[in-house]
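Here is the file input.txt (compact mmCIF, C-alpha atoms).
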```txt
# COMPACT_ATOMS: atom_id res chain seq x y z
CA MET L 28 0.00 0.00 0.00
CA SER L 29 1.51 3.31 -0.98
CA ASN L 30 0.96 6.69 0.64
CA GLN L 31 -0.30 9.55 -1.45
CA GLU L 32 0.52 13.14 -0.74
CA THR L 33 -1.31 16.37 -1.37
CA VAL L 34 -0.06 19.92 -1.14
CA ILE L 35 -2.20 22.79 0.13
CA SER L 36 -1.52 25.78 -2.09
CA SER L 37 -2.10 29.38 -1.08
CA GLU L 38 -3.56 29.98 -4.55
CA SER L 39 -6.81 28.18 -3.74
CA LEU L 40 -7.28 30.21 -0.55
CA TRP L 41 -6.45 33.66 -1.90
CA PRO L 42 -9.31 36.18 -1.45
CA GLU L 43 -10.80 37.09 -4.84
CA ASP L 44 -10.79 40.82 -4.14
CA ALA L 45 -7.22 41.00 -2.82
CA ALA L 46 -4.92 43.29 -4.80
CA GLU L 47 -1.85 42.18 -2.83
CA ASP L 48 0.24 39.17 -3.86
CA GLU L 49 1.98 38.70 -0.52
CA ALA L 50 0.75 37.21 2.74
CA VAL L 51 2.04 36.19 6.16
CA ILE L 52 1.39 33.01 8.14
CA THR L 53 -0.19 34.13 11.41
CA ASN L 54 -0.89 30.80 13.11
CA TRP L 55 -0.62 27.04 12.78
CA PHE L 56 -3.05 25.07 14.95
CA VAL L 57 -1.54 21.66 14.13
CA SER L 58 1.99 20.36 13.97
CA GLU L 59 3.81 17.90 11.76
CA GLY L 60 2.45 14.44 12.55
CA SER L 61 -1.05 15.67 13.48
CA ALA L 62 -3.93 13.63 12.11
CA VAL L 63 -6.53 15.84 10.45
CA ASP L 64 -9.96 15.48 8.85
CA ARG L 65 -11.08 17.03 5.61
CA GLY L 66 -12.19 20.55 6.55
CA THR L 67 -10.01 20.86 9.67
CA THR L 68 -8.63 24.39 10.07
CA LEU L 69 -4.88 23.85 10.04
CA GLY L 70 -3.86 27.45 10.45
CA GLU L 71 -4.42 30.94 9.17
CA MET L 72 -2.70 33.43 6.92
CA GLN L 73 -3.22 37.13 6.58
CA VAL L 74 -3.64 38.96 3.29
CA GLU L 75 -4.17 42.74 3.41
CA LYS L 76 -5.14 42.53 7.13
CA VAL L 77 -7.75 39.87 6.30
CA SER L 78 -7.36 36.53 8.04
CA VAL L 79 -7.85 33.49 5.82
CA ASP L 80 -8.23 29.97 7.23
CA ILE L 81 -5.93 27.28 5.87
CA VAL L 82 -8.20 24.26 5.58
CA ALA L 83 -7.33 20.61 5.00
CA ASN L 84 -8.55 19.49 1.56
CA THR L 85 -8.44 15.83 2.58
CA GLN L 86 -8.21 13.53 5.55
CA GLY L 87 -4.66 12.56 6.41
CA GLU L 88 -1.58 13.38 8.41
CA VAL L 89 0.39 16.63 8.34
CA ASP L 90 3.66 15.64 6.72
CA GLU L 91 5.31 19.03 6.41
CA ILE L 92 4.54 22.60 7.40
CA MET L 93 6.28 24.48 4.63
CA ILE L 94 6.22 28.05 5.99
CA ASP L 95 6.68 28.79 9.70
CA GLU L 96 4.53 31.17 11.76
CA GLY L 97 5.52 34.73 10.94
CA GLY L 98 6.87 33.64 7.56
CA GLU L 99 5.97 35.57 4.42
CA LEU L 100 4.74 34.02 1.22
CA SER L 101 3.74 34.94 -2.30
CA ARG L 102 0.48 34.04 -3.98
CA GLY L 103 0.68 30.44 -5.17
CA ASP L 104 3.31 29.27 -2.69
CA PRO L 105 2.63 25.83 -1.15
CA LEU L 106 1.79 25.98 2.59
CA ALA L 107 1.67 22.42 3.87
CA ARG L 108 1.87 18.83 2.66
CA LEU L 109 -0.58 16.18 3.86
CA MET L 110 -0.03 12.42 3.60
CA ILE L 111 -3.09 10.36 2.75
CA GLU L 112 -2.90 6.83 4.09
CA MET C 275 -1.14 23.15 34.98
CA SER C 276 -4.20 23.18 32.87
CA GLN C 277 -2.51 22.10 29.64
CA GLN C 278 -3.45 19.09 27.58
CA LYS C 279 -1.10 16.85 25.66
CA ALA C 280 0.78 18.52 22.83
CA ALA C 281 -0.60 16.43 20.00
CA GLU C 282 -4.05 18.01 20.27
CA ARG C 283 -5.40 20.79 18.11
CA GLN C 284 -4.23 24.18 19.31
CA LEU C 285 -6.23 27.39 19.21
CA THR C 286 -5.46 31.06 19.53
CA MET C 287 -7.06 32.85 22.45
CA SER C 288 -9.53 34.62 20.15
CA ARG C 289 -10.74 31.34 18.61
CA ALA C 290 -11.03 29.77 22.07
CA MET C 291 -13.21 32.67 23.26
CA VAL C 292 -15.36 32.48 20.13
CA SER C 293 -15.87 28.73 20.56
CA ALA C 294 -17.16 29.27 24.11
CA ILE C 295 -19.50 32.08 23.04
CA ALA C 296 -20.82 30.00 20.11
CA HIS C 297 -21.45 27.02 22.39
CA GLU C 298 -23.40 29.11 24.90
CA MET C 299 -25.40 30.76 22.09
CA ARG C 300 -26.40 27.35 20.73
CA GLU C 301 -27.45 26.18 24.21
CA ASP C 302 -29.33 29.29 25.28
CA GLU C 303 -31.32 31.58 22.97
CA GLU C 304 -31.08 34.39 25.51
CA VAL C 305 -27.35 34.86 24.88
CA PHE C 306 -26.50 37.62 22.39
CA TYR C 307 -23.54 39.89 21.61
CA MET C 308 -23.42 43.66 21.05
CA GLY C 309 -20.51 45.89 20.23
CA GLU C 310 -18.67 48.07 17.77
CA ASP C 311 -17.58 46.17 14.64
CA VAL C 312 -18.45 42.81 16.19
CA ALA C 313 -20.73 41.61 13.36
CA ASP C 314 -19.38 42.17 9.84
CA TYR C 315 -15.80 42.74 10.98
CA GLY C 316 -15.81 39.96 13.59
CA GLY C 317 -14.30 42.22 16.24
CA ILE C 318 -11.18 44.23 15.55
CA PHE C 319 -9.30 41.79 17.79
CA ASP C 320 -11.16 38.76 16.36
CA SER C 321 -13.26 38.40 19.51
CA THR C 322 -16.41 37.50 17.51
CA ASP C 323 -14.89 36.20 14.27
CA GLY C 324 -17.38 33.96 12.42
CA LEU C 325 -20.31 34.39 14.82
CA LEU C 326 -22.42 36.53 12.45
CA ASP C 327 -22.54 33.72 9.87
CA GLU C 328 -23.95 31.24 12.34
CA PHE C 329 -26.21 33.42 14.47
CA GLY C 330 -27.29 36.34 12.28
CA ARG C 331 -27.89 39.98 12.99
CA ASP C 332 -30.51 39.57 15.71
CA ARG C 333 -27.94 37.98 18.00
CA ILE C 334 -24.64 39.45 16.80
CA MET C 335 -25.25 43.18 16.69
CA ASP C 336 -23.16 46.06 15.45
CA ILE C 337 -24.33 49.04 17.45
CA PRO C 338 -23.97 52.81 17.06
CA ILE C 339 -20.99 54.35 18.81
CA SER C 340 -22.68 55.04 22.13
CA GLU C 341 -21.33 53.05 25.04
CA THR C 342 -23.96 54.54 27.33
CA ALA C 343 -26.76 53.29 25.08
CA TYR C 344 -25.61 49.75 24.49
CA VAL C 345 -24.18 49.01 27.93
CA GLY C 346 -27.46 50.37 29.29
CA ALA C 347 -29.40 48.19 26.87
CA ALA C 348 -27.39 45.18 28.04
CA VAL C 349 -28.14 45.94 31.69
CA GLY C 350 -31.86 46.19 30.92
CA ALA C 351 -31.90 43.02 28.84
CA ALA C 352 -30.04 41.17 31.59
CA MET C 353 -32.54 42.32 34.21
CA GLU C 354 -35.32 40.96 31.97
CA GLY C 355 -33.68 37.54 31.91
CA MET C 356 -31.50 37.65 28.80
CA ARG C 357 -27.77 36.99 28.89
CA PRO C 358 -26.17 39.82 26.93
CA ILE C 359 -22.51 40.17 26.16
CA ALA C 360 -21.52 43.78 25.47
CA GLU C 361 -18.07 44.56 24.13
CA LEU C 362 -16.07 47.71 24.65
CA MET C 363 -13.73 47.70 21.67
CA PHE C 364 -11.04 49.26 23.85
CA VAL C 365 -11.40 49.24 27.63
CA ASP C 366 -10.26 52.86 27.49
CA PHE C 367 -13.74 53.76 26.19
CA PHE C 368 -15.44 52.61 29.40
CA GLY C 369 -15.61 56.19 30.60
CA VAL C 370 -18.26 57.06 28.03
CA GLY C 371 -20.62 54.51 29.59
CA MET C 372 -19.28 54.64 33.13
CA ASP C 373 -22.57 55.55 34.80
CA GLN C 374 -24.23 52.49 33.23
CA ILE C 375 -21.33 50.29 34.31
CA TYR C 376 -20.71 51.28 37.90
CA ASN C 377 -24.08 52.61 38.96
CA PHE C 378 -26.35 50.13 37.16
CA MET C 379 -24.56 47.02 35.93
CA ALA C 380 -22.62 46.73 39.19
CA LYS C 381 -25.29 47.88 41.65
CA ASN C 382 -28.77 46.97 40.41
CA THR C 383 -28.80 43.66 42.25
CA TYR C 384 -27.89 45.43 45.48
CA MET C 385 -30.27 48.37 44.92
CA SER C 386 -33.18 46.00 44.30
CA GLY C 387 -32.56 44.15 47.51
CA GLY C 388 -31.57 41.10 45.54
CA ASN C 389 -34.83 41.04 43.57
CA VAL C 390 -33.15 41.30 40.16
CA SER C 391 -30.01 39.76 38.77
CA VAL C 392 -27.81 41.28 36.05
CA PRO C 393 -26.38 38.22 34.27
CA MET C 394 -24.36 40.08 31.63
CA VAL C 395 -20.77 40.02 30.49
CA LEU C 396 -18.87 43.15 29.58
CA THR C 397 -15.90 42.23 27.39
CA ALA C 398 -13.08 44.59 26.43
CA GLY C 399 -9.73 44.56 24.71
CA VAL C 400 -6.94 45.74 27.02
CA GLY C 401 -3.25 46.44 27.07
CA GLY C 402 -0.39 48.14 25.32
CA THR C 403 2.91 47.08 23.70
CA TYR C 404 2.01 48.30 20.21
CA ASN C 405 2.35 52.09 20.27
CA ASP C 406 -1.29 53.07 20.45
CA ALA C 407 -0.72 55.77 23.06
CA ALA C 408 -2.43 56.79 26.28
CA GLN C 409 -6.08 56.39 25.26
CA HIS C 410 -5.87 52.93 23.61
CA SER C 411 -3.29 51.03 25.66
CA GLN C 412 -4.56 50.82 29.22
CA THR C 413 -5.62 47.71 31.09
CA LEU C 414 -7.61 49.43 33.86
CA TYR C 415 -7.67 46.16 35.82
CA ALA C 416 -7.87 48.00 39.13
CA THR C 417 -10.62 50.39 38.05
CA PHE C 418 -13.10 47.54 37.57
CA SER C 419 -11.83 45.52 40.52
CA HIS C 420 -12.10 48.50 42.86
CA LEU C 421 -15.81 49.06 42.26
CA PRO C 422 -17.93 46.57 44.22
CA GLY C 423 -20.41 44.41 42.35
CA MET C 424 -18.54 43.06 39.32
CA LYS C 425 -16.48 39.93 38.87
CA VAL C 426 -13.31 40.60 36.89
CA VAL C 427 -11.69 38.00 34.62
CA VAL C 428 -8.30 38.25 32.86
CA PRO C 429 -7.30 35.12 30.87
CA SER C 430 -3.73 34.46 29.76
CA THR C 431 -4.09 31.36 27.55
CA ALA C 432 -6.55 29.90 25.06
CA TYR C 433 -7.44 27.06 27.45
CA ASP C 434 -8.19 29.45 30.29
CA ALA C 435 -9.97 31.92 27.99
CA LYS C 436 -12.50 29.32 26.87
CA GLY C 437 -13.23 27.90 30.32
CA LEU C 438 -13.52 31.34 31.90
CA MET C 439 -15.83 32.55 29.09
CA HIS C 440 -18.18 29.60 29.63
CA ASN C 441 -18.27 30.46 33.32
CA ALA C 442 -18.72 34.20 32.66
CA ILE C 443 -21.78 33.71 30.44
CA ARG C 444 -23.37 31.21 32.87
CA ASP C 445 -22.76 33.44 35.90
CA ASP C 446 -25.88 35.17 37.24
CA ASP C 447 -23.91 38.28 38.21
CA PRO C 448 -22.20 40.91 36.03
CA VAL C 449 -18.77 39.84 34.82
CA VAL C 450 -16.09 42.02 33.25
CA TYR C 451 -13.97 39.91 30.89
CA LEU C 452 -10.75 41.67 29.88
CA PHE C 453 -8.78 40.12 27.02
CA HIS C 454 -5.28 41.34 26.23
CA LYS C 455 -4.94 42.30 22.54
CA ARG C 456 -1.39 40.94 22.41
CA LEU C 457 -2.64 37.46 23.41
CA MET C 458 -5.40 37.06 20.80
CA GLY C 459 -3.18 35.65 18.04
CA ILE C 460 -3.90 38.18 15.31
CA GLY C 461 -1.49 38.82 12.47
CA TRP C 462 -0.70 42.48 13.07
CA LEU C 463 -0.25 41.98 16.81
CA PRO C 464 1.85 38.82 17.14
CA ALA C 465 1.46 36.96 20.42
CA PRO C 466 4.38 35.70 22.50
CA GLU C 467 4.96 31.95 22.83
CA GLY C 468 2.41 30.52 25.23
CA PRO C 469 -1.18 31.80 24.80
CA LYS C 470 -1.90 29.40 21.93
CA THR C 471 -2.68 26.11 23.68
CA PRO C 472 -4.56 22.89 23.11
CA VAL C 473 -8.28 23.49 23.67
CA PRO C 474 -10.85 20.72 24.12
CA LYS C 475 -13.78 20.83 21.69
CA GLU C 476 -16.33 20.17 24.42
CA ASP C 477 -17.41 22.83 26.89
CA TYR C 478 -15.86 23.24 30.33
CA ALA C 479 -16.29 26.01 32.89
CA LEU C 480 -13.32 27.20 34.90
CA PRO C 481 -14.53 28.52 38.25
CA PHE C 482 -13.69 32.10 39.26
CA GLY C 483 -11.37 32.73 42.20
CA GLU C 484 -8.94 29.96 41.35
CA ALA C 485 -5.47 31.13 40.44
CA ASP C 486 -3.36 28.77 38.33
CA ILE C 487 0.27 27.97 39.07
CA LYS C 488 1.76 28.19 35.59
CA ARG C 489 5.25 27.23 36.79
CA ASN C 490 6.43 25.63 40.03
CA GLY C 491 9.44 26.99 41.88
CA GLU C 492 10.89 27.12 45.37
CA ASP C 493 12.73 30.43 45.52
CA VAL C 494 10.42 33.30 44.66
CA THR C 495 6.72 33.77 43.88
CA ILE C 496 5.82 35.93 40.88
CA VAL C 497 2.13 36.86 40.94
CA THR C 498 0.78 38.30 37.72
CA LEU C 499 -1.97 38.10 35.09
CA GLY C 500 -2.73 38.46 31.39
CA LEU C 501 0.17 39.17 29.04
CA HIS C 502 2.64 39.34 31.90
CA VAL C 503 2.14 35.67 32.75
CA HIS C 504 4.16 34.96 29.59
CA HIS C 505 6.78 37.59 30.42
CA ALA C 506 7.09 36.06 33.90
CA LEU C 507 7.50 32.55 32.45
CA GLU C 508 10.25 33.78 30.13
CA ALA C 509 11.95 35.57 33.03
CA ALA C 510 11.64 32.42 35.17
CA SER C 511 13.35 30.44 32.45
CA GLN C 512 16.27 32.90 32.39
CA LEU C 513 16.49 32.94 36.21
CA SER C 514 16.57 29.16 36.23
CA ASP C 515 19.83 29.30 34.28
CA ASP C 516 21.53 30.78 37.32
CA GLY C 517 19.79 28.52 39.77
CA THR C 518 16.81 30.59 40.91
CA GLU C 519 13.49 28.79 40.57
CA ALA C 520 10.52 31.13 40.32
CA GLU C 521 6.92 30.07 40.88
CA VAL C 522 4.55 31.88 38.50
CA VAL C 523 1.02 32.38 39.82
CA ASP C 524 -1.55 33.46 37.22
CA LEU C 525 -4.41 35.13 39.10
CA ARG C 526 -6.93 34.55 36.23
CA THR C 527 -9.61 36.48 38.14
CA LEU C 528 -9.11 39.66 40.16
CA VAL C 529 -12.59 39.50 41.67
CA PRO C 530 -12.83 37.07 43.35
CA LEU C 531 -9.13 36.99 44.23
CA ASP C 532 -7.55 33.65 45.14
CA GLU C 533 -5.65 34.74 48.25
CA GLU C 534 -5.12 31.17 49.34
CA THR C 535 -3.00 30.12 46.36
CA VAL C 536 -0.91 33.30 46.57
CA ILE C 537 -0.35 32.99 50.32
CA SER C 538 0.56 29.31 50.22
CA SER C 539 3.06 29.98 47.45
CA VAL C 540 4.67 32.83 49.42
CA LYS C 541 4.80 30.62 52.50
CA LYS C 542 6.82 28.17 50.43
CA THR C 543 9.19 30.64 48.72
CA GLY C 544 9.35 33.48 51.28
CA ASN C 545 9.70 36.05 48.50
CA LEU C 546 7.09 37.94 46.46
CA LEU C 547 7.14 39.92 43.24
CA VAL C 548 3.84 41.21 41.81
CA VAL C 549 3.81 42.24 38.15
CA ASP C 550 0.96 44.24 36.65
CA GLU C 551 0.33 46.14 33.41
CA ASP C 552 -1.92 48.69 35.12
CA TYR C 553 -0.87 51.85 36.96
CA GLN C 554 1.09 51.20 40.12
CA SER C 555 -0.64 53.30 42.76
CA TYR C 556 -3.87 51.96 44.28
CA GLY C 557 -3.65 48.91 42.04
CA VAL C 558 -3.27 45.13 41.74
CA THR C 559 0.30 45.16 43.06
CA SER C 560 -0.57 46.97 46.27
CA GLU C 561 -3.69 44.84 46.78
CA VAL C 562 -1.90 41.50 46.44
CA ILE C 563 0.97 42.57 48.68
CA SER C 564 -1.46 43.91 51.31
CA ARG C 565 -3.42 40.66 51.40
CA VAL C 566 -0.25 38.65 51.97
CA VAL C 567 1.09 40.98 54.64
CA GLU C 568 -2.29 41.20 56.40
CA HIS C 569 -2.36 37.42 56.55
CA ASP C 570 1.10 37.13 58.10
CA SER C 571 3.87 39.64 57.58
CA ASP C 572 6.45 37.12 58.78
CA ILE C 573 6.14 34.93 55.67
CA VAL C 574 7.73 37.53 53.33
CA ASN C 575 11.43 38.22 53.29
CA ASN C 576 11.65 40.16 50.03
CA VAL C 577 8.82 41.99 48.36
CA ASP C 578 8.78 44.01 45.15
CA ARG C 579 6.32 45.19 42.50
CA LEU C 580 6.45 46.16 38.86
CA ALA C 581 3.72 48.22 37.23
CA ILE C 582 3.30 51.34 35.13
CA PRO C 583 4.86 54.17 37.11
CA ASP C 584 1.76 56.39 37.33
CA VAL C 585 2.17 58.08 33.96
CA PRO C 586 -0.04 57.99 30.86
CA ILE C 587 1.22 55.33 28.43
CA PRO C 588 3.49 57.01 25.86
CA PHE C 589 3.10 56.67 22.10
CA ALA C 590 6.80 56.50 21.20
CA ARG C 591 8.03 52.92 21.11
CA SER C 592 11.15 53.62 23.15
CA MET C 593 9.16 55.41 25.82
CA GLU C 594 6.33 52.86 25.96
CA ASN C 595 8.87 50.07 26.33
CA GLU C 596 10.42 52.01 29.19
CA VAL C 597 7.23 52.28 31.26
CA LEU C 598 5.79 48.80 30.61
CA PRO C 599 7.28 46.06 32.82
CA ASP C 600 9.08 43.52 30.63
CA VAL C 601 11.10 40.31 30.97
CA ASP C 602 14.33 42.16 31.82
CA ASP C 603 12.60 44.14 34.57
CA ILE C 604 11.29 40.92 36.14
CA VAL C 605 14.72 39.26 36.00
CA ALA C 606 16.38 42.37 37.47
CA SER C 607 13.82 42.60 40.29
CA VAL C 608 14.39 38.99 41.34
CA ARG C 609 18.16 39.30 41.04
CA GLY C 610 17.96 42.37 43.29
CA MET C 611 16.36 40.32 46.05
CA ASN C 612 18.40 38.90 48.88
CA LEU C 613 17.30 35.31 48.27
```
With the file now loaded, output its structure as structure tokens.
Amino acid sequence: MSNQETVISSESLWPEDAAEDEAVITNWFVSEGSAVDRGTTLGEMQVEKVSVDIVANTQGEVDEIMIDEGGELSRGDPLARLMIE
Amino acid sequence: MSQQKAAERQLTMSRAMVSAIAHEMREDEEVFYMGEDVADYGGIFDSTDGLLDEFGRDRIMDIPISETAYVGAAVGAAMEGMRPIAELMFVDFFGVGMDQIYNFMAKNTYMSGGNVSVPMVLTAGVGGTYNDAAQHSQTLYATFSHLPGMKVVVPSTAYDAKGLMHNAIRDDDPVVYLFHKRLMGIGWLPAPEGPKTPVPKEDYALPFGEADIKRNGEDVTIVTLGLHVHHALEAASQLSDDGTEAEVVDLRTLVPLDEETVISSVKKTGNLLVVDEDYQSYGVTSEVISRVVEHDSDIVNNVDRLAIPDVPIPFARSMENEVLPDVDDIVASVRGMNL
């Protein structure tokens, strides 16, 4: 049985009306190794002072948090990788 | 310690507060929330983020900028059996509605000979550290604690914030719930390490009047609350490097005040430092020290206090940093003691 992985991209979460292409990670609520359900809020990022939830797009385990709290990112950057068992 | 195991989901303090409010609103139709920018904006410090979507505008209400009107409305609704939560965006604005707060919210139960209760919660963002100057940076902990009739709650972590909010809403008496902006976990006001904690999904009420020992130590007792719990823990960690073990007592509620936990800690350590982010004179520091000394002056060898030195909070970063007690001040105070 092989594990599949999925990457959560900031592109899918970006607010439609945002003019800015940069964001900052404000919080992670899970850590690497956490088991999550589809829809679990993993963390939040801030774009133009608006907080956007980072939501798990599948059930699985957090394999890698790719940008630390306080870290800046550009639109489209990957945020976290989940492993699907 | 009221922490759960590290593998659990963690929440910011704002999300923990919101989850308690949402739970109580689902359980009891009489609970509703009023304040400035609490509906569409979700609270400028995220204190009501997401509640409008679930509960709608009848129960999550943006109100006109008149503290007198909406605090008064909350008092009236509470006397009629509802359970309002009214938010002062900044605690500094309490003065506009002060008559409603200290003459009505605090005293109506007494004035009616116990015939009416005022089961409301007044929430407010407190504290400085972000250069917002003298009218948007105060904590005013002592102002509310000084006036008889109100319970006063000051959480320091997400776990405590949720449990204390459940208890505040269920309490049949008026409760003032003061949340420090720097602890909420918002992007433009980063929190220190510590306030984001694991938070159980189910409801739990933390009783008032029970301080929490956030760190055990034998050498000195540091009594504090709110943001300064985290400064005290950081200072304790530095002091530990040179062999001094500080016990950090988080008061969690100022009214009622858990004298017993403070006194038993001082009996153990023999030394007391009280750290507060309010003005020094006539405040939390003098009250805590008085209670210990009144109990038994022989149990304290060294005593010290850190608070704002009776000046308005400056705007300039360098000057604000100077007047607010910080980690270095706590370390220096303890090192100055003859332990």
L:Glu32, L:Asp44, L:Glu71, L:Glu38 ranked by distance to chain C, top pick (using all atoms listed in the file):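 Checking each of L:Glu32, L:Asp44, L:Glu71, L:Glu38 against chain C, counting all atoms listed in the file, the winner is L:Glu71.
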Interatomic distance (Å, one decimal) between CA of Ala506 (chain C) and CA of Glu519 (chain C):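 Atom-to-atom, CA of Ala506 (chain C) to CA of Glu519 (chain C), that is 11.8 Å.
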Counting all atoms listed in the file, chain L residues within 12 Å of chain C, as JSON, numbers by chain: {"L": [50, 51, 52, 53, 54, 55, 56, 57, 58, 59, 60, 61, 62, 63, 64, 67, 68, 69, 70, 71, 72, 73, 74, 75, 76, 77, 78, 79, 80, 89, 96, 97, 98, 99]}
Shell around Asp90 (chain L) at 6 Å using all atoms listed in the file, local window under 5 positions removed, as a ChimeraX atom specification: /L:59,108-110
Glu361 (chain C) surroundings by only C-alpha atoms, 12 Å radius, close-in-sequence under 3 positions cut, as number ranges by chain: C: 306-313, 316-322, 334-337, 339-341, 344-345, 348, 358, 364-368, 371, 394-400, 449-453
Point-to-point distance from CA of Glu521 (chain C) to CA of Thr495 (chain C), Å rounded to tenths: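 One can read the CA of Glu521 (chain C) to CA of Thr495 (chain C) distance as 4.8 Å.
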Separation of CA of Lys436 (chain C) from CA of Leu480 (chain C) in Å: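 These two atoms are separated by 8.3 Å.
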Pick from C:Gly437, C:Pro599, C:Gly491, C:Gly557 nearest to Asn545 (chain C), counting all atoms listed in the file: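 The shortest atom-to-atom distance to Asn545 (chain C) comes from C:Gly491.
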Polymer residues at most 9 Å from Leu546 (chain C), all atoms listed in the file, same-chain spacing of 6 or more positions, as number ranges by chain: C: 494-497, 539-540, 563, 574-579, 608
Polymer residues at most 9 Å from Gly66 (chain L), all atoms listed in the file, same-chain spacing of 6 or more positions, as a ChimeraX atom specification: /L:82-86
Which residue of C:Lys455, C:Ala520, C:Met439, C:Thr431 approaches Leu499 (chain C) most closely, using all atoms listed in the file: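 Using all atoms listed in the file, the shortest distance to Leu499 (chain C) belongs to C:Thr431.
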Test item: which residues lie within 6 Å of (0.8, 27.9, -5.1) counting all atoms listed in the file, as a PyMOL selection string: chain L and resi 36-38+103-105
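Each of L:Ala46, L:Leu100, L:Leu40, L:Val34 was checked against Ile81 (chain L) using only C-alpha atoms; the smallest atom-to-atom distance is that of L:Leu40.
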Missing atoms in region 28-41 of chain L need filling: write out N, CA and C atoms for it as a PDB file, in the frame of the given file.
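What ended up in part_10.pdb:
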```pdb
ATOM      1  N   MET L  28       0.847  -1.196   0.000  1.00  0.00           N
ATOM      2  CA  MET L  28       0.000   0.000   0.000  1.00  0.00           C
ATOM      3  C   MET L  28       0.884   1.247   0.000  1.00  0.00           C
ATOM      4  N   SER L  29       0.643   2.131  -0.910  1.00  0.00           N
ATOM      5  CA  SER L  29       1.510   3.310  -0.980  1.00  0.00           C
ATOM      6  C   SER L  29       0.776   4.539  -0.467  1.00  0.00           C
ATOM      7  N   ASN L  30       1.543   5.437   0.151  1.00  0.00           N
ATOM      8  CA  ASN L  30       0.960   6.690   0.640  1.00  0.00           C
ATOM      9  C   ASN L  30       0.911   7.704  -0.492  1.00  0.00           C
ATOM     10  N   GLN L  31      -0.162   8.481  -0.477  1.00  0.00           N
ATOM     11  CA  GLN L  31      -0.300   9.550  -1.450  1.00  0.00           C
ATOM     12  C   GLN L  31      -0.123  10.863  -0.717  1.00  0.00           C
ATOM     13  N   GLU L  32       0.398  11.859  -1.413  1.00  0.00           N
ATOM     14  CA  GLU L  32       0.520  13.140  -0.740  1.00  0.00           C
ATOM     15  C   GLU L  32      -0.233  14.218  -1.507  1.00  0.00           C
ATOM     16  N   THR L  33      -0.643  15.241  -0.744  1.00  0.00           N
ATOM     17  CA  THR L  33      -1.310  16.370  -1.370  1.00  0.00           C
ATOM     18  C   THR L  33      -0.767  17.650  -0.767  1.00  0.00           C
ATOM     19  N   VAL L  34      -0.603  18.657  -1.604  1.00  0.00           N
ATOM     20  CA  VAL L  34      -0.060  19.920  -1.140  1.00  0.00           C
ATOM     21  C   VAL L  34      -1.174  20.956  -1.092  1.00  0.00           C
ATOM     22  N   ILE L  35      -1.224  21.692   0.026  1.00  0.00           N
ATOM     23  CA  ILE L  35      -2.200  22.790   0.130  1.00  0.00           C
ATOM     24  C   ILE L  35      -1.527  24.045  -0.391  1.00  0.00           C
ATOM     25  N   SER L  36      -2.112  24.593  -1.460  1.00  0.00           N
ATOM     26  CA  SER L  36      -1.520  25.780  -2.090  1.00  0.00           C
ATOM     27  C   SER L  36      -2.235  27.028  -1.616  1.00  0.00           C
ATOM     28  N   SER L  37      -1.478  28.116  -1.472  1.00  0.00           N
ATOM     29  CA  SER L  37      -2.100  29.380  -1.080  1.00  0.00           C
ATOM     30  C   SER L  37      -3.009  29.923  -2.180  1.00  0.00           C
ATOM     31  N   GLU L  38      -2.769  29.477  -3.423  1.00  0.00           N
ATOM     32  CA  GLU L  38      -3.560  29.980  -4.550  1.00  0.00           C
ATOM     33  C   GLU L  38      -5.067  29.739  -4.342  1.00  0.00           C
ATOM     34  N   SER L  39      -5.397  28.529  -3.875  1.00  0.00           N
ATOM     35  CA  SER L  39      -6.810  28.180  -3.740  1.00  0.00           C
ATOM     36  C   SER L  39      -7.494  28.955  -2.616  1.00  0.00           C
ATOM     37  N   LEU L  40      -6.704  29.520  -1.708  1.00  0.00           N
ATOM     38  CA  LEU L  40      -7.280  30.210  -0.550  1.00  0.00           C
ATOM     39  C   LEU L  40      -7.318  31.719  -0.722  1.00  0.00           C
ATOM     40  N   TRP L  41      -6.642  32.209  -1.779  1.00  0.00           N
ATOM     41  CA  TRP L  41      -6.450  33.660  -1.900  1.00  0.00           C
ATOM     42  C   TRP L  41      -7.786  34.382  -2.073  1.00  0.00           C
TER      43      TRP L  41
END
```
